[in-house]
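Q: Shown below is the structure under consideration.
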Amino acid sequence: MAIYNDRFRLRQDNKIVGFKKQIHSLTFYSKDEYAWAGLPIEYNNHDRFTGFFDNNRRAIYAEDIIELTKKEENKYLHIVWDEILENFQLYDLVEKEIIDFPWKDYLRNNPFVFKSYHFIQPQL
């Protein structure tokens, strides 16, 4: 099983209310990603964990906006979970197009930092 199927950011509408991870048949919840317990958190939406962390060690989830930190680049990317393909896609917010490159390789080879949440800035 892929790592991004095991961990989620939980939201109540556009407010982050916690996190969930599954280990085998057990499900754990956390409000801060540090202390985990079996007590469920109420939510109506979730974002999958990509398995990646930014330059500041912040976990990156679907619906995050990241900025590439190479000096010659001015790219802001929206991390998108594609339900049909069951995989992540990177949407370039400057060029307004999907990056035609394997997403894992792209993130491994390009340093980046978290900038914002797409769900609070859907106009981007």
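FYI, nothing fancy with the structure tokens labels: chains A, B, ... in order, residues from 1 per chain, ligands from 1 as they appear.
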As number ranges by chain, please: every residue in chain A that a backbone DSSP assignment puts in strand (DSSP E or B).
A: A: 7-12, 15-23, 26-30, 37, 45-53, 59-61, 64-68, 76-82, 87-92, 97-98, 112-117
Q: Mind checking which residues fall within 10 Å of segment 74-85 of chain A, counting only C-alpha atoms, ignoring those fewer than 4 positions away in the same chain, and posting them as a VMD selection string?
A: chain A and resid 47 to 50 60 to 70 89 to 99 103 112 to 118 124
Q: What does the structure give for the distance between atom CA of Phe19 of chain A and atom CA of Arg108 of chain A, in Å to one decimal?
A: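 So the answer is 24.1 Å.
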Q: Among chain A, which ones does DSSP place in alpha helix (DSSP H), written as a ChimeraX atom specification?
A: /A:103-109
Q: Any idea what the distance is between atom CA of Arg58 of chain A and atom CA of Gln121 of chain A?
A: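 So the two atoms, atom CA of Arg58 of chain A and atom CA of Gln121 of chain A, lie 19.5 Å apart.
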Q: Using atom CA of Pro122 of chain A and atom CA of Arg11 of chain A as the two end points, give the distance in Å to one decimal.
A: 15.5 Å
Q: Give me, as a list of chain:residue names, all polymer residues having an atom no more than 12 Å from Asp105 of chain A, counting only C-alpha atoms and skipping those fewer than 4 positions away in the same chain.
A: A:Phe52, A:Phe88, A:Gln89, A:Leu90, A:Ile99, A:Asp100, A:Phe101, A:Asn109, A:Asn110, A:Pro111
Q: Let me make sure I understand: among A:Asp13, A:Lys71, A:Ile23, A:Tyr29, which one has the smallest atom-to-atom distance to Asn44 of chain A if we use only C-alpha atoms?
A: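 The closest residue to Asn44 of chain A is A:Asp13.
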Q: Can you tell me, as an NGL selection string, what residues are no more than 9 Å from Gly38 of chain A when counting only C-alpha atoms, ignoring any on the same chain fewer than 3 positions away?
A: :A and (26-30)
Q: Could you write out the selected residues, including C-alpha atoms, as an mmCIF file, in the first residue's frame?
A:
```cif
data_model
loop_
_atom_site.group_PDB
_atom_site.id
_atom_site.type_symbol
_atom_site.label_atom_id
_atom_site.label_comp_id
_atom_site.auth_asym_id
_atom_site.auth_seq_id
_atom_site.Cartn_x
_atom_site.Cartn_y
_atom_site.Cartn_z
ATOM 1 C CA LEU A 26 -6.129 0.563 13.422
ATOM 2 C CA THR A 27 -7.108 4.199 12.878
ATOM 3 C CA PHE A 28 -5.552 7.045 14.861
ATOM 4 C CA TYR A 29 -6.571 10.715 15.037
ATOM 5 C CA SER A 30 -4.677 13.838 16.008
#
```
